[in-house]
Amino acid sequence: MTINLSSETGNDNSSASPHPYRMSTRYLWLSLVAALVPLLSFAALYDGYFSQLVTRITDERLATRMAATENEFSVYLKERQYELATLADQFDDPRIFTPGGAAYLPRELRDLLTLQAEHQTLYGIAFFDAQQNLVWTFPEDALNKERYTRMRDMPVSQFDNVELIGPEPHSWSRPPALLMRGDVQTSTLEQETHSPSIALILRFNTLTAIPRTLQVGGVFKPLISVPDGRTYDIVGQPVDSAQKIISRYQMAPGWTLQLVQNRELVEPPSAQMRYWLILLVIGTAAALLIIHLAISRRLKRQVDTLVNSVEQVAAGDLESPIAQVSSDEMSRLTQSIERMRHQLKQVIRSTLEIERQASLGQVAAGLAHDIRNPLTTMHTTLQALVRREPNPEHREMLLMLDEEIDRVNDVIGNLLNFARPRDPQRELVALPELFDSLTALVNASARRQNVFIDIDCPEGLSVYADTGQLRQILMNLTLNALQAMRGGGRITYSASQSDKDTALYVSDNGPGMPEEILSRATEPFFTTKETGTGLGLAICQTLAVRNGAQLSIETATGNSDSSKEITAGTRVTLRFPHCDNEQIKTADTPTLSASTFSNSKHSTPKLFTSNNKEPQA
């Protein structure tokens with residue numbers, strides 16, 4: 001068998017040209033990797049050995065100095081904490097913690113502040129009110145409110161019973177400061193909710209200079225990491241925190257000491273070994289290139305023979321055998337077979353589609369022959385009864401029945417032309433009147449099943465569609481809902497409008513559909529009914545697409561929509577996009593009403609209406 005696929009495979013001729021990434025080339029790169037990785041690993045181990053040697057030499061000195069540094073850091077903070085507690089005990093006058101509070105200082109307290117401020121680790125002392133607002137400092141220029149505001153944005157860490165605030169953001173105009181603040185118990189007789197506080201304004205660089213002894217021969221570089229994540233060196237200058245950290249030590253809550261290794265001082269001392277390694281790598285690569293040139297030609301001939309044979313099959317010659325070669329070039333073989341499989345799948349799928357359409361035509365022809373003949377007799381009989389019926393209400397019922405006969409005849413026509421249904425005659429359809437007409441038609445059948453029909457549609461809402469086809473869609477959906485609610489229930493016609501489209505809903509509170517049935521509901525000939533043909537929802541889907549609408553089905557899974565939420569049963573949604581004024585001439589196209597669905601020569605009042613009430617027996 002030979003299949004002509006030249007129109008689809010004509011663009012694949014380029015695959016016969018030499019491929020830039022043949023398997024032999026991949027073997028070359030694999031060989032290079034296999035040879036170079038051990039050499040590079042050896043070089044890395046060589047560097048690591050000398051690095052570990054230097055590290056072992058310095059570990060003992062580093063451990064001793066690290067313990068001393070941790071102790072010095074803790075002692076520094078405890079000394080400042082003791083000085084702060086001493087000051088807090090002396091300042092118990094609440095007037096001191098107000099703006100201008102320095103005027104209430106006795107001479108001995110002023111002398112105490114002067115002595116304390118002269119300490120080389122401090123910039124001064126700050127006083128705060130009960131709301132932690134800065135009121136004054138000693139000396140006056142030790143800290144201003146703007147700097148304190150920036151410091152308050154920094155994370156606060158606790159050291160025993162005091163707070164460490166900051167450090168403030170780095171500035172080249174002045175070194176950063178750090179606040180150690182503690183509460184003060186004043187001598188007021190009233191119960192205090194919040195207490196004023198006093199703080200030491202610490203020199204931040206005196207704190208960062210403590211780990212300076214850890215620079216063991218310049219091999220390690222100590223850094224201080226503060227609570228907000230910033231990192232500083234031993235002179236208080238900010239540094240890049242992305243450096244490779246080899247050790248971390250917790251000095252205080254949120255304060256971490258980090259050690260960075262200076263790679264320049266731990267390089268292997270024997271640089272000559274590296275030159276030998278480089279020469280060895282170059283020699284290995286050259287040898288592999290020579291081997292590649294030797295085997296490339298042989299692999300090329302084998303691969304081209306195999307690919308050409310498989311390409312003939314992919315082009316449609318299914319009788320030609322695939323040439324056997326003594327190589328494992330499986331990648332190209334797999335690609336060619338996949339192309340062949342794809343072509344065959346397309347041919348088989350097209351054949352199945354043709355057979356399905358043919359089967360549908362046979363079923364439709366049989367139904368038309370068995371149904372249209374009795375429909376013709378019923379139509380002729382009803383026309384005679386209508387002319388002789390004097391009661392207007394009975395005449396209206398007969399006209400509706402005659403109209404339903406016409407609708408059944410249209411269904412047969414649509415079934416005959418399922419593959420190519422007629423083009424819709426689109427016009428404006430008034431939804432309230434359409435829902436009323438449908439309710440009148442199915443109300444009697446619904447009452448016999450104890451099913452109530454409701455309408456929830458705003459007045460004046462309309463869509464642009466073929467009247468008969470839209471009515472057929474809604475009628476099919478209604479009949480499906482009635483069949484699903486044998487024990488009674490409620491069907492609701494509703495509609496809503498958004499900026500983009502108009503949506504019609506047919507909802508019921510029946511048992512719903514399982515997921516495996518819902519996913520195939522609109523497939524032709526798929527049905528769960530013993531006597532069903534499986535064409536109802538398929539025709540609805542086809543007619544909806546022909547009218548420019550989108551049909552979707554939701555069942556009782558708790559999914560929600562822009563207007564309502566499904567809690568039980570099934571809801572089918574038809575979404576019609578808004579049409580522009582170029583499509584509709586409102587002066588020439590009348591809006592359809594309930595009388596449109598009746599014979600124009602026998603216009604009579606509607607017999608049934610639906611206002612969300614249960615029908616009377």
# chains A, B, ... in the order shown; residues from 1 in each chain; ligands from 1

$ residues_around --residues "Thr439 in chain A" --least-positions-apart "2" --cutoff "10 Å" --atoms "only C-alpha atoms" --output "PyMOL selection string"
chain A and resi 433-437+441-444+446+452-455+475+478+491-493+608-610

$ atom_distance --atom1 "CA of Arg80 in chain A" --atom2 "CA of Ser247 in chain A"
27.4 Å

$ residues_around --residues "Ile224 in chain A" --least-positions-apart "5" --cutoff "9 Å" --atoms "only C-alpha atoms" --output "PyMOL selection string"
chain A and resi 208+211+230-234+236+255-259

$ atom_distance --atom1 "CA of Gly468 in chain A" --atom2 "CA of Ile539 in chain A"
13.1 Å

$ select_by_dssp --residues "range 61-300 of chain A" --states "strand (DSSP E)" --output "number ranges by chain"
A: 122-128, 134-138, 156-159, 162-165, 177-183, 197-203, 220-225, 231-232, 245-252, 255-261

$ residues_around --residues "Thr573 in chain A" --least-positions-apart "6" --cutoff "8 Å" --atoms "only C-alpha atoms" --output "PyMOL selection string"
chain A and resi 503-506+550-553

$ residues_around --residues "Ala117 in chain A" --least-positions-apart "3" --cutoff "10 Å" --atoms "only C-alpha atoms" --output "NGL selection string"
:A and (111-114 or 120-125 or 138-139 or 142 or 200-201)
